[in-house]
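S.K.: I'd like to ask some things about the structure below.
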Amino acid sequence: MHRFGGGISALERHKQAQRSFAELSSEISQTQISNLQAQLAHFRKALAQFASTHRDKIAKDPSFRHAFQQMCSSIGVDPLAGPRRGGWWAELTGIGDWQHELGVQIVDVCVSTRERNGGLIDLAELIRLVSRLRGPGGQVTEDDVARSIKTLEPLGAGYQVVDVGGGRKMVRSVVKELDDDQMVVIAVAQDGGGRVEVDGLVEKRGWTVERARAALENMLLRDGLCWLDEQDESCPQVYWVPSAMQWDE
Amino acid sequence: MALSTHTTRSGFLLPSIHSAPPFFTQQPNPNTQKIVTETWSRLILSYARHRNLFFIRVEDAETQGSEWDEILRNDRIKRRLLPSHLSYILSEMVAKNQAVYEPPKQTRSVLLYWRLPEEWAEVLHQWVTSTGQLTTILTFYEITDPPVPSPLTGIPVVLLRKAIAVLAKTGRAQIIAVADGEGARFFAGTGR
């Protein structure tokens, strides 16, 4: 009997303890949540103030913008996130509009130069043309452009930054995969101011004549990524990659 | 080597593509050639306007010393537009009504429409009106070679005739036979 009775009261005690622990824990998490909410409210307020003070500077000053983007990524906030997640951030800073506007300008430049470069443009050239489009005070950096191109990805138009090696980057604006050989041709062309020929690829890259010819002919005839020159004194067929040529306009 | 614009001796600004070597080769890729053709067509028309030239012939690309040398050749990069390529470009210009074969029934010489006959008609009517010569009979010679240079100075008779025909359709001109050839009389009106 004693053991049984003791068993019940022990059980009661145990239940009691569990109840109070649960109460305590929910009290604690309640406090934590309200604490967190207070912090968040504070953060938002500070951010709103920051944004309204620096909105213009974010839009106009490339290095400030870069620092701002870095700050965002270090605290895990995406200033471009849509309305569902952190959209207020984009609204507050106006960086969403800014970035999308830049995206439109990038598309503008890519489309208007596509005729002559076949949909492949040197990143530096793109930046130069976009900056010119934006007029004075509208400077953008490589970082800005790369970020904007990322926002264009969901459009499925094939906008992508391509690394062609040697620290050189190009922006592709057509849905077209560049194969490895084409990347090499573009890199070689860039070293020669846009000019590339079969012999050059054989000498510099150790390719066979057939491989070099096939890569160049594909770029010329199939993809429209290079132009033919038949009036060169040293070689009857010289290929020129317009996107690797330096155009002063 | 950066491709840059260049101002010719006659003061014409060549676009940077004119210093790109492949611009002078007929391209095997039809899409690329389309760009080349369009660019050359624009270049030919704007140069014609700059120099007040009305005709271009395939032979202008054959020998040096033509009035078209400044654009058909680029000696700085040792390139020139080959006659066969020019012939192709001219055929495309004719197809787009940027030029007509003149004389007709041959394909080696074209009359350039840097202004369409309809546009020349307006220029002509405006000149006649502003110089107070409405209803006066003017000989073709008085129009193509006026004592005070006009926008119509040097216009070929064949083009002038087309422009007058446009005005005649709307009752603003009438071709009249005069003692030493042909002439026309112009009337007020808006053409509507």
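By convention in this document, the chains of the structure tokens carry letters A, B, ... by their order, each chain's residues are numbered from 1, and ligands are numbered from 1 in the order they are shown.
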Taking only C-alpha atoms into account, what are the residues of chain A at most 8 Å from chain B, put as a list in words?
M.R.: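 So the residues of chain A near chain B are Glu115, Arg116, Gly193, Leu220, Leu221, Arg222, Gly224, Trp227, Leu228, Asp229, Glu230, Gln231, Tyr239, Trp240, Met245, Gln246, Trp247, Asp248 and Glu249 of chain A.
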S.K.: Could you give me, as a ChimeraX atom specification, the residues within 12 Å of Leu43 in chain B, counting only C-alpha atoms and dropping anything in the same chain fewer than 5 positions from it?
M.R.: /B:12-18,36-38,48-50,68,70-72,89,93,98,112,114
S.K.: If you run DSSP on the backbone here, which positions in chain B get strand (DSSP E or B)? Please write them as a ChimeraX atom specification.
M.R.: /B:2-3,6-7,13-14,55-57,73-74,79-80,99-101,109-112,137-139,173-178,181-186
S.K.: Which residues are near range 138-153 of chain B? Cut-off 7 Å, only C-alpha atoms, ignore same chain within fewer than 4 positions. Put them as a short mmCIF file (atom, residue, chain, number, x, y, z; two decimals) with all heavy atoms, in the first residue's frame.
M.R.:
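Writing the result to out.cif gives the following:
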data_model
loop_
_atom_site.label_atom_id
_atom_site.label_comp_id
_atom_site.auth_asym_id
_atom_site.auth_seq_id
_atom_site.Cartn_x
_atom_site.Cartn_y
_atom_site.Cartn_z
N GLU B 182 12.72 71.46 -121.72
CA GLU B 182 11.52 71.28 -120.91
C GLU B 182 11.51 72.25 -119.74
O GLU B 182 12.55 72.71 -119.29
CB GLU B 182 11.47 69.84 -120.36
CG GLU B 182 10.90 68.84 -121.33
CD GLU B 182 11.02 67.44 -120.80
OE1 GLU B 182 12.16 66.98 -120.58
OE2 GLU B 182 9.97 66.82 -120.55
N GLY B 183 10.30 72.47 -119.24
CA GLY B 183 10.17 73.31 -118.06
C GLY B 183 8.95 72.89 -117.28
O GLY B 183 8.27 71.93 -117.63
N ALA B 184 8.71 73.62 -116.21
CA ALA B 184 7.55 73.28 -115.40
C ALA B 184 6.98 74.53 -114.76
O ALA B 184 7.68 75.53 -114.59
CB ALA B 184 7.93 72.27 -114.33
N ARG B 185 5.71 74.42 -114.45
CA ARG B 185 5.08 75.52 -113.74
C ARG B 185 4.53 74.96 -112.44
O ARG B 185 4.04 73.83 -112.40
CB ARG B 185 3.96 76.10 -114.58
CG ARG B 185 3.44 77.38 -113.94
CD ARG B 185 2.59 78.23 -114.77
NE ARG B 185 1.88 77.64 -115.88
CZ ARG B 185 1.31 78.41 -116.81
NH1 ARG B 185 1.39 79.71 -116.75
NH2 ARG B 185 0.64 77.86 -117.80
#
S.K.: Which residues come within 10 Å of range 170-175 of chain B, counting only C-alpha atoms, excluding same-chain residues fewer than 2 positions away, as a list in words?
M.R.: Ala121, His125, Leu134, Thr135, Ile137, Leu138, Thr139, Phe140, Arg161, Ala163, Ile164, Ala165, Val166, Leu167, Ala168, Ala177, Val178, Glu182, Gly183, Ala184, Arg185, Phe186, Phe187, Ala188, Gly189, Thr190, Gly191 and Arg192 of chain B
S.K.: Would you pick out the contacts of range 155-172 of chain A at 6 Å or less, using only C-alpha atoms, so that residues sharing its chain but fewer than 6 positions from it are not included, and give the list as a list of chain:residue names?
M.R.: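 My reading of the contact set: A:Gly119, A:Leu120, A:Ile121, A:Asp122, A:Leu123, A:Met183.
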S.K.: Identify which of the residues A:Ala59, A:Ala17, A:Ile186, A:Leu126 lies closest to Gly138 in chain A, counting only C-alpha atoms when measuring atom-to-atom distances.
M.R.: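 Once distances to Gly138 in chain A are computed over only C-alpha atoms, the minimum belongs to A:Ala59.
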S.K.: Determine, counting only C-alpha atoms, which protein, DNA and RNA residues have an atom within 7 Å of an atom of range 83-87 of chain B; residues of the same chain fewer than 5 positions away are not included. Present the result as a list of chain:residue names.
M.R.: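 Near range 83-87 of chain B, the qualifying residues are B:Gln26, B:Val58, B:Glu59, B:Ala61, B:Glu62, B:Arg108.
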S.K.: Separation of CA of Ile44 in chain B and CA of Tyr113 in chain B, in Å?
M.R.: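 Answer for the CA of Ile44 in chain B to CA of Tyr113 in chain B separation: 10.3 Å.
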S.K.: Pick out the residues sitting within 12 Å of Val107 in chain A, and hand them over as a PyMOL selection string; count only C-alpha atoms, and ignore anything fewer than 2 positions along from it in its own chain.
M.R.: chain A and resi 100-105+109-114+119+121+126-127+129-130+133+145+148-149+151-153+155+157-160+171-174
